[in-house]
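Coordinates from entry-v6.txt are shown below (compact mmCIF, C-alpha atoms).
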```
# COMPACT_ATOMS: atom_id res chain seq x y z
CA MET A 227 -39.50 5.92 -30.10
CA SER A 228 -40.87 5.85 -26.55
CA ASP A 229 -44.56 5.23 -26.02
CA LEU A 230 -45.07 8.64 -24.44
CA LYS A 231 -43.59 10.39 -27.48
CA VAL A 232 -45.94 8.52 -29.81
CA GLU A 233 -48.82 9.32 -27.48
CA LEU A 234 -47.94 13.04 -27.44
CA LYS A 235 -47.68 13.16 -31.22
CA GLN A 236 -51.05 11.48 -31.53
CA LEU A 237 -52.50 13.97 -29.04
CA ILE A 238 -51.10 16.91 -31.03
CA ILE A 239 -52.50 15.59 -34.30
CA GLU A 240 -55.97 14.94 -32.86
CA THR A 241 -56.28 18.02 -30.66
CA LEU A 242 -55.11 20.44 -33.33
CA ASP A 243 -56.94 18.81 -36.28
CA LEU A 244 -53.73 18.23 -38.24
CA GLU A 245 -55.54 16.10 -40.80
CA ASP A 246 -52.70 15.67 -43.28
CA ILE A 247 -49.95 14.94 -40.76
CA GLU A 248 -48.82 11.47 -39.62
CA ILE A 249 -46.99 10.54 -36.41
CA THR A 250 -43.83 9.88 -38.45
CA ASP A 251 -43.98 13.43 -39.88
CA ILE A 252 -43.25 14.94 -36.46
CA GLN A 253 -39.56 14.84 -35.49
CA ASP A 254 -38.64 14.49 -31.81
CA ASP A 255 -36.20 17.41 -31.85
CA GLU A 256 -38.06 19.62 -34.33
CA ALA A 257 -39.64 22.92 -33.22
CA LEU A 258 -43.39 22.57 -32.65
CA PHE A 259 -44.22 26.26 -32.90
CA ILE A 260 -43.65 28.81 -35.67
CA ASP A 261 -40.82 26.92 -37.43
CA GLY A 262 -40.88 23.17 -37.86
CA LEU A 263 -44.46 21.97 -37.42
CA GLY A 264 -45.69 25.58 -37.69
CA LEU A 265 -48.15 25.69 -34.79
CA ASP A 266 -49.35 29.09 -33.51
CA SER A 267 -50.41 30.71 -30.24
CA ILE A 268 -53.99 29.34 -30.33
CA ASP A 269 -52.51 25.86 -30.79
CA ALA A 270 -50.36 26.50 -27.70
CA LEU A 271 -53.47 27.20 -25.59
CA GLU A 272 -55.33 24.24 -27.06
CA LEU A 273 -52.40 21.87 -26.56
CA GLY A 274 -51.80 23.13 -23.01
CA LEU A 275 -55.43 22.34 -22.18
CA ALA A 276 -55.19 18.86 -23.71
CA ILE A 277 -51.99 18.06 -21.78
CA LYS A 278 -53.60 19.28 -18.55
CA LYS A 279 -56.69 17.13 -19.17
CA ASN A 280 -54.85 13.98 -20.29
CA TYR A 281 -51.94 13.92 -17.84
CA ASN A 282 -53.39 15.95 -14.99
CA VAL A 283 -50.31 18.18 -14.87
CA LYS A 284 -50.18 21.83 -13.87
CA ILE A 285 -48.91 24.31 -16.46
CA ASP A 286 -47.80 27.82 -15.54
CA ALA A 287 -49.25 30.02 -18.29
CA ASN A 288 -46.70 32.83 -18.32
CA SER A 289 -43.33 31.37 -17.47
CA GLU A 290 -40.26 31.07 -19.69
CA GLU A 291 -40.01 27.46 -18.53
CA THR A 292 -43.38 26.65 -20.06
CA LYS A 293 -42.14 27.98 -23.39
CA GLN A 294 -39.18 25.63 -23.07
CA HIS A 295 -41.40 22.64 -22.18
CA PHE A 296 -43.44 23.13 -25.35
CA SER A 297 -40.49 23.70 -27.69
CA SER A 298 -40.24 20.14 -29.05
CA ILE A 299 -41.54 16.60 -28.55
CA ASN A 300 -38.34 15.76 -26.60
CA ALA A 301 -38.89 18.68 -24.21
CA LEU A 302 -42.61 18.00 -23.83
CA CYS A 303 -41.97 14.31 -23.13
CA GLU A 304 -39.42 15.15 -20.43
CA PHE A 305 -41.80 17.69 -18.86
CA VAL A 306 -44.79 15.32 -18.78
CA SER A 307 -42.84 12.34 -17.42
CA LYS A 308 -41.25 14.49 -14.67
CA ALA A 309 -44.58 16.09 -13.75
CA LYS A 310 -46.29 12.71 -13.58
CA ALA A 311 -43.56 11.11 -11.47
CA MET B 190 -84.82 51.80 -50.06
CA ASP B 191 -83.23 51.19 -53.41
CA VAL B 192 -80.09 49.10 -54.09
CA ASN B 193 -78.21 47.32 -56.85
CA ILE B 194 -77.22 43.73 -56.25
CA ARG B 195 -74.70 41.60 -58.14
CA HIS B 196 -72.51 38.50 -57.70
CA LEU B 197 -75.15 36.63 -55.68
CA SER B 198 -73.72 33.32 -54.54
CA VAL B 199 -75.80 30.77 -52.65
CA TRP B 200 -74.94 27.44 -51.04
CA HIS B 201 -77.20 25.14 -49.04
CA ALA B 202 -76.94 21.62 -47.65
CA HIS B 203 -77.55 19.01 -50.38
CA CYS B 204 -77.56 21.76 -53.06
CA ASP B 205 -76.01 19.31 -55.57
CA GLU B 206 -79.08 17.08 -55.54
CA LEU B 207 -81.94 19.06 -54.00
CA SER B 208 -83.70 22.40 -54.48
CA ILE B 209 -84.30 24.67 -51.47
CA GLU B 210 -87.89 23.41 -51.14
CA GLN B 211 -86.74 19.79 -51.20
CA ALA B 212 -83.79 20.35 -48.88
CA VAL B 213 -85.53 22.17 -45.99
CA ASN B 214 -85.81 20.05 -42.86
CA SER B 215 -83.85 17.23 -44.53
CA ASP B 216 -81.42 15.05 -42.61
CA GLU B 217 -78.04 16.81 -42.37
CA THR B 218 -75.90 14.10 -40.82
CA GLN B 219 -74.24 13.42 -44.20
CA VAL B 220 -73.55 16.78 -45.85
CA ASN B 221 -70.74 17.53 -48.32
CA TRP B 222 -69.56 20.80 -46.77
CA PRO B 223 -67.54 23.08 -49.10
CA LYS B 224 -63.87 22.06 -49.40
CA LEU B 225 -62.47 25.61 -49.47
CA ALA B 226 -59.37 25.02 -51.59
CA PHE B 227 -58.47 28.76 -51.45
CA VAL B 228 -57.76 28.60 -47.70
CA PRO B 229 -54.28 27.37 -46.64
CA ALA B 230 -54.46 23.94 -44.96
CA MET B 231 -53.12 25.15 -41.58
CA GLN B 232 -55.98 27.67 -41.37
CA ARG B 233 -58.62 25.45 -42.93
CA ARG B 234 -58.25 22.78 -40.25
CA ARG B 235 -60.01 24.97 -37.67
CA LEU B 236 -63.01 25.87 -39.81
CA SER B 237 -66.43 24.51 -38.84
CA PRO B 238 -69.12 23.64 -41.41
CA PHE B 239 -70.69 27.03 -40.61
CA ALA B 240 -67.45 28.84 -41.43
CA LYS B 241 -66.86 26.77 -44.55
CA MET B 242 -70.19 27.53 -46.20
CA ALA B 243 -70.01 31.25 -45.35
CA LEU B 244 -66.42 31.65 -46.59
CA LYS B 245 -67.18 29.73 -49.77
CA VAL B 246 -69.98 32.07 -50.90
CA ALA B 247 -68.10 35.20 -49.78
CA ASN B 248 -65.09 34.18 -51.83
CA GLU B 249 -67.28 33.61 -54.90
CA SER B 250 -68.90 37.03 -54.55
CA ILE B 251 -65.60 38.91 -54.60
CA ASP B 252 -64.36 37.06 -57.69
CA GLY B 253 -62.89 39.68 -60.03
CA ILE B 254 -63.19 42.50 -57.46
CA GLU B 255 -59.94 44.42 -57.03
CA ASN B 256 -60.67 46.76 -54.10
CA ASP B 257 -61.37 45.80 -50.47
CA LEU B 258 -65.04 46.10 -49.58
CA PRO B 259 -66.58 46.75 -46.14
CA ILE B 260 -68.50 43.71 -44.92
CA VAL B 261 -71.96 43.35 -43.39
CA PHE B 262 -72.40 39.87 -41.94
CA SER B 263 -75.77 38.55 -40.96
CA SER B 264 -76.72 35.42 -39.06
CA ARG B 265 -79.66 34.68 -36.79
CA HIS B 266 -77.85 32.13 -34.63
CA GLY B 267 -74.20 32.37 -35.59
CA ASP B 268 -72.16 29.17 -35.24
CA LEU B 269 -74.72 27.59 -32.91
CA PRO B 270 -73.47 23.99 -33.20
CA LYS B 271 -70.12 25.27 -31.89
CA THR B 272 -71.66 27.57 -29.25
CA SER B 273 -73.95 24.85 -27.91
CA THR B 274 -70.95 22.50 -27.50
CA LEU B 275 -69.15 25.24 -25.54
CA LEU B 276 -72.22 25.79 -23.36
CA ALA B 277 -72.47 22.05 -22.70
CA ASP B 278 -68.79 22.01 -21.65
CA LEU B 279 -69.40 24.95 -19.31
CA ALA B 280 -72.45 23.21 -17.83
CA ASP B 281 -70.29 20.11 -17.22
CA LYS B 282 -67.69 22.39 -15.58
CA SER B 283 -65.05 21.24 -18.07
CA ALA B 284 -62.50 23.60 -19.58
CA ILE B 285 -63.62 25.02 -22.92
CA SER B 286 -61.58 24.86 -26.11
CA PRO B 287 -59.75 28.18 -26.78
CA THR B 288 -60.02 27.59 -30.54
CA ALA B 289 -63.76 26.95 -30.42
CA PHE B 290 -64.27 29.94 -28.13
CA GLY B 291 -62.28 32.27 -30.38
CA LEU B 292 -64.20 31.24 -33.47
CA SER B 293 -67.67 31.26 -31.92
CA VAL B 294 -68.09 35.04 -31.53
CA HIS B 295 -70.61 36.56 -33.93
CA ASN B 296 -68.09 38.45 -36.06
CA ALA B 297 -65.63 35.53 -36.35
CA ILE B 298 -66.60 34.63 -39.92
CA PRO B 299 -66.23 38.06 -41.58
CA SER B 300 -63.06 38.56 -39.52
CA LEU B 301 -61.58 35.30 -40.80
CA PHE B 302 -62.51 36.36 -44.31
CA SER B 303 -60.84 39.74 -43.82
CA ILE B 304 -57.64 38.00 -42.65
CA LEU B 305 -57.70 35.55 -45.57
CA THR B 306 -58.20 38.33 -48.12
CA ASN B 307 -56.10 40.96 -46.29
CA ASN B 308 -59.10 43.29 -46.21
CA LYS B 309 -58.82 46.16 -43.68
CA GLN B 310 -62.29 47.65 -44.25
CA ALA B 311 -64.94 47.91 -41.51
CA ILE B 312 -67.13 44.95 -40.55
CA ASN B 313 -70.64 44.92 -39.06
CA ALA B 314 -72.13 41.70 -37.69
CA ILE B 315 -75.91 41.64 -37.30
CA SER B 316 -78.40 39.34 -35.61
CA ALA B 317 -82.11 40.24 -35.53
CA GLY B 318 -84.18 37.09 -35.09
CA GLN B 319 -86.26 36.10 -38.12
CA ASP B 320 -85.45 39.54 -39.60
CA SER B 321 -81.66 39.07 -39.49
CA PHE B 322 -81.23 38.90 -43.25
CA MET B 323 -83.46 41.87 -44.12
CA MET B 324 -82.28 44.02 -41.20
CA ALA B 325 -78.71 43.42 -42.34
CA LEU B 326 -79.77 44.67 -45.77
CA VAL B 327 -81.13 47.81 -44.07
CA ASP B 328 -77.78 48.18 -42.30
CA THR B 329 -76.00 47.75 -45.63
CA TYR B 330 -78.20 50.47 -47.12
CA ALA B 331 -77.36 52.79 -44.20
CA ARG B 332 -73.64 52.14 -44.68
CA LEU B 333 -73.90 52.98 -48.39
CA LYS B 334 -76.07 56.06 -47.75
CA SER B 335 -73.52 57.36 -45.24
CA GLY B 336 -71.16 57.75 -48.18
CA LEU B 337 -68.40 55.75 -46.50
CA ALA B 338 -68.54 52.98 -49.07
CA ASP B 339 -69.49 52.58 -52.72
CA GLU B 340 -70.12 48.87 -52.45
CA VAL B 341 -70.57 46.44 -49.57
CA LEU B 342 -69.89 42.71 -49.35
CA PHE B 343 -72.98 41.19 -47.74
CA ILE B 344 -72.68 37.71 -46.20
CA HIS B 345 -75.45 35.73 -44.54
CA ALA B 346 -75.18 32.26 -42.98
CA ASP B 347 -77.30 30.07 -40.73
CA GLN B 348 -76.93 26.42 -39.91
CA LYS B 349 -79.65 23.93 -39.04
CA LEU B 350 -80.34 24.14 -35.28
CA PRO B 351 -78.49 21.57 -33.17
CA GLU B 352 -80.67 18.77 -31.72
CA THR B 353 -80.84 20.47 -28.28
CA TYR B 354 -82.52 23.57 -29.74
CA LEU B 355 -84.86 22.00 -32.32
CA GLY B 356 -87.74 22.23 -29.85
CA PHE B 357 -87.56 26.04 -30.13
CA GLN B 358 -87.58 26.26 -33.92
CA ASP B 359 -89.98 28.78 -35.44
CA GLU B 360 -88.77 28.51 -39.03
CA GLN B 361 -87.99 25.66 -41.39
CA GLN B 362 -84.41 24.48 -41.03
CA LEU B 363 -81.74 24.32 -43.74
CA SER B 364 -78.02 25.04 -43.41
CA HIS B 365 -77.28 27.73 -45.94
CA ALA B 366 -75.07 30.69 -46.81
CA LEU B 367 -75.53 33.54 -49.24
CA SER B 368 -73.31 36.38 -50.33
CA MET B 369 -73.67 39.35 -52.67
CA LEU B 370 -72.33 42.79 -53.54
CA VAL B 371 -74.63 45.70 -52.77
CA SER B 372 -74.32 49.28 -54.02
CA LEU B 373 -76.55 52.32 -54.46
CA PRO B 374 -78.21 52.73 -57.85
CA SER B 375 -76.50 55.36 -59.93
CA SER B 376 -76.64 56.53 -63.50
CA LYS B 377 -74.28 53.74 -64.50
CA VAL B 378 -75.75 50.88 -66.49
CA LEU B 379 -76.36 47.61 -64.66
CA VAL B 380 -73.68 45.01 -65.37
CA GLU B 381 -74.65 41.51 -66.46
CA GLY B 382 -76.47 39.64 -63.69
CA GLU B 383 -76.90 42.83 -61.66
CA GLN B 384 -80.41 43.81 -60.56
CA ASN B 385 -81.90 46.98 -59.15
CA ILE B 386 -84.34 46.28 -56.32
CA SER B 387 -86.32 48.37 -53.88
CA PHE B 388 -87.58 47.19 -50.51
CA SER B 389 -89.73 48.51 -47.69
CA PHE B 390 -91.23 47.13 -44.53
CA GLU B 391 -94.16 47.57 -42.18
CA GLN B 392 -94.70 46.23 -38.71
CA PHE B 393 -97.15 43.36 -38.64
CA SER B 394 -97.18 40.91 -35.73
CA LYS B 395 -98.09 37.30 -36.31
CA ASN B 396 -97.19 33.89 -35.03
CA LEU B 397 -95.67 31.90 -37.87
CA ILE B 398 -93.73 28.76 -37.08
CA ASP B 399 -93.01 27.11 -40.42
CA ASN B 400 -91.75 29.86 -42.74
CA ILE B 401 -88.74 29.27 -44.93
CA PRO B 402 -86.04 31.78 -43.78
CA SER B 403 -86.13 35.15 -45.64
CA SER B 404 -82.56 34.69 -46.88
CA LEU B 405 -83.51 31.53 -48.79
CA LEU B 406 -86.74 33.02 -50.15
CA PHE B 407 -84.81 36.11 -51.23
CA SER B 408 -82.22 34.14 -53.21
CA HIS B 409 -84.96 32.06 -54.84
CA TRP B 410 -86.83 35.22 -55.83
CA PHE B 411 -83.69 37.03 -57.04
CA ASN B 412 -82.90 34.18 -59.43
CA SER B 413 -86.50 33.85 -60.67
CA ALA B 414 -88.50 35.82 -63.24
CA GLN B 415 -90.90 36.94 -60.51
CA GLN B 416 -91.11 40.75 -60.22
CA GLN B 417 -92.25 41.19 -56.63
CA VAL B 418 -92.13 39.22 -53.40
CA LEU B 419 -93.51 39.59 -49.88
CA LEU B 420 -91.30 38.18 -47.12
CA ALA B 421 -93.31 37.75 -43.92
CA THR B 422 -91.72 37.31 -40.50
CA ASN B 423 -93.33 37.40 -37.06
CA ASN B 424 -92.68 41.13 -36.72
CA TYR B 425 -92.67 42.62 -40.20
CA ASN B 426 -93.85 42.32 -43.76
CA TRP B 427 -91.04 43.05 -46.22
CA SER B 428 -92.03 44.06 -49.75
CA LEU B 429 -89.40 43.71 -52.45
CA GLU B 430 -89.56 44.67 -56.10
CA LYS B 431 -87.21 44.38 -59.06
CA HIS B 432 -86.86 47.31 -61.48
CA VAL B 433 -85.86 46.96 -65.09
```
Kindly transcribe the structure held in the file into structure tokens.
Amino acid sequence: MSDLKVELKQLIIETLDLEDIEITDIQDDEALFIDGLGLDSIDALELGLAIKKNYNVKIDANSEETKQHFSSINALCEFVSKAKA
Amino acid sequence: MDVNIRHLSVWHAHCDELSIEQAVNSDETQVNWPKLAFVPAMQRRRLSPFAKMALKVANESIDGIENDLPIVFSSRHGDLPKTSTLLADLADKSAISPTAFGLSVHNAIPSLFSILTNNKQAINAISAGQDSFMMALVDTYARLKSGLADEVLFIHADQKLPETYLGFQDEQQLSHALSMLVSLPSSKVLVEGEQNISFSFEQFSKNLIDNIPSSLLFSHWFNSAQQQVLLATNNYNWSLEKHV
């Protein structure tokens, strides 16, 4: 597992108060929202804010692309590393 | 004003070891906040101590109640620990947490409770300084008198002031929540634990700074053998009496 993926999982767990969930419980290709991890729309806002703060990246609130970026750990990792580069 | 009250449930910080008198102004850095087993884990994770104590007592009050009741929620300061953190973030010009913002509005607690219990009845959320608790009881009485409801779920919660605001305190501090079911007296016999009380108030200005909050004095009185009580705030004197 890449360092960034571990970092993102840790960020998700801490930011969203997922007390009972470990890093190993989150699959790289699993859906983060609704199915899979079961996060909701408030989590999306909270996570977007945390990503902005931590990685200093710009997130477009209403685009289809943003939805795609937040669909899984794999997608989020790709988005953050591209945006940082 | 004349009401019947049943299913009174009270929680306060350190209630396992200390009485209300002993617990006021005590250190609250190590409090066992209610665990709230009835709330699904994914929803429970967002609940603050303020929400947890209020939802705990509310859930106890509706135990055995089949129909959805309208809610009157009372709190002098609301979730002030949460609000003051948001205000500090704003002052620092940092982005504020959407979760904290959403759950810091005054009616957040009864609304959460209505979602958790799938209750579609109306909700009022009241704040009226030192008179919050008693004014919410007046509001409850008005709701019942309007004929729109036979019984109301009354919830009150206040948390100890955060450090930043302690310099402004004009009451003794104790994190607490209280809930009860209120209805109009009728010809029906009181059920076990139910009491018929009447209350009235008159304006009387004073400058008290170390009263115990009315909500706590009320619950103490309700559970005692004492017939009458006078609850004094800086604006009013509230007279309450139990009827047998």
Chain B contacts to chain A at 12 Å (all atoms listed in the file) as a PDB file with C-alpha atoms, in the coordinates of the input:
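Listed below is the output, selection.pdb:
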```
ATOM      1  CA  ALA B 230     -54.460  23.940 -44.960  1.00  0.00           C
ATOM      2  CA  MET B 231     -53.120  25.150 -41.580  1.00  0.00           C
ATOM      3  CA  GLN B 232     -55.980  27.670 -41.370  1.00  0.00           C
ATOM      4  CA  ARG B 233     -58.620  25.450 -42.930  1.00  0.00           C
ATOM      5  CA  ARG B 234     -58.250  22.780 -40.250  1.00  0.00           C
ATOM      6  CA  ARG B 235     -60.010  24.970 -37.670  1.00  0.00           C
ATOM      7  CA  LEU B 236     -63.010  25.870 -39.810  1.00  0.00           C
ATOM      8  CA  SER B 237     -66.430  24.510 -38.840  1.00  0.00           C
ATOM      9  CA  SER B 283     -65.050  21.240 -18.070  1.00  0.00           C
ATOM     10  CA  ALA B 284     -62.500  23.600 -19.580  1.00  0.00           C
ATOM     11  CA  ILE B 285     -63.620  25.020 -22.920  1.00  0.00           C
ATOM     12  CA  SER B 286     -61.580  24.860 -26.110  1.00  0.00           C
ATOM     13  CA  PRO B 287     -59.750  28.180 -26.780  1.00  0.00           C
ATOM     14  CA  THR B 288     -60.020  27.590 -30.540  1.00  0.00           C
ATOM     15  CA  ALA B 289     -63.760  26.950 -30.420  1.00  0.00           C
ATOM     16  CA  PHE B 290     -64.270  29.940 -28.130  1.00  0.00           C
ATOM     17  CA  GLY B 291     -62.280  32.270 -30.380  1.00  0.00           C
ATOM     18  CA  LEU B 292     -64.200  31.240 -33.470  1.00  0.00           C
TER      19      LEU B 292
END
```
Item checked: Using all atoms listed in the file: which of B:Ala240, B:Leu301, B:Ile209, B:Pro402 has the shortest distance to Lys224 in chain B -> B:Ala240
Note to self: Counting all atoms listed in the file, which residue out of B:Gln384, B:Gln361, B:Gln417, B:Asn400 sits closest to Ser215 in chain B?
What the structure shows: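 Nearest candidate to Ser215 in chain B out of B:Gln384, B:Gln361, B:Gln417, B:Asn400: B:Gln361.
Straight-line separation from CA of Ile247 in chain A to CA of Asp229 in chain A: 18.5 Å.
Those residues that approach Ala309 in chain A to within 10 Å, counting only C-alpha atoms, are Tyr281, Asn282, Val283, Lys284, Ile285, Cys303 and Glu304 of chain A; same-chain residues fewer than 5 positions away are not listed.
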Notebook entry, point to check: At what distance in Å, to one decimal, does CA of Ala243 in chain B lie from CA of Ser368 in chain B?
Noted result: 7.9 Å
Next item on the list: For each of B:Ser408, B:Gln319, B:Ser250, B:Gln219, take the minimum atom-to-atom distance to Tyr425 in chain B, counting only C-alpha atoms, then give the residue where this is smallest.
Entry: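 Smallest distance to Tyr425 in chain B is found for B:Gln319.
Proximity ranking of B:His196, B:His409, B:Lys271, B:His365 relative to Glu217 in chain B places B:His365 first, based on all atoms listed in the file.
Using all atoms listed in the file, the nearest neighbour of Val228 in chain B within the list B:Met323, B:Leu367, B:Leu258, B:Ile304 is B:Ile304.
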Notebook entry, point to check: With only C-alpha atoms as the basis for distance, which of A:Phe305, A:Phe296, A:Asn280, A:Lys310 is at the shortest distance from Phe259 in chain A?
Noted result: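 Distance minimum relative to Phe259 in chain A lands on A:Phe296.
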Next item on the list: Report the distance between CA of Gln392 in chain B and CA of His266 in chain B in Å, rounded to one decimal place.
Entry: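 Distance between the two atoms: 22.3 Å.
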Next item on the list: For Leu397 in chain B, please output as a PyMOL selection string all residues within 9 Å (counting all atoms listed in the file; exclusion window: fewer than 3 positions along the same chain).
Entry: chain B and resi 359-360+400+421-423
Next item on the list: Can you pull out every residue within 12 Å of Gln253 in chain A, counting only C-alpha atoms, but drop anything in the same chain fewer than 2 positions away, and send it as a list in words?
Entry: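 The residues satisfying every condition are Met227, Lys231, Val232, Leu234, Lys235, Ile247, Glu248, Ile249, Thr250, Asp251, Asp255, Glu256, Ala257, Leu258, Gly262, Leu263, Ser297, Ser298, Ile299, Asn300 and Ala301 of chain A.
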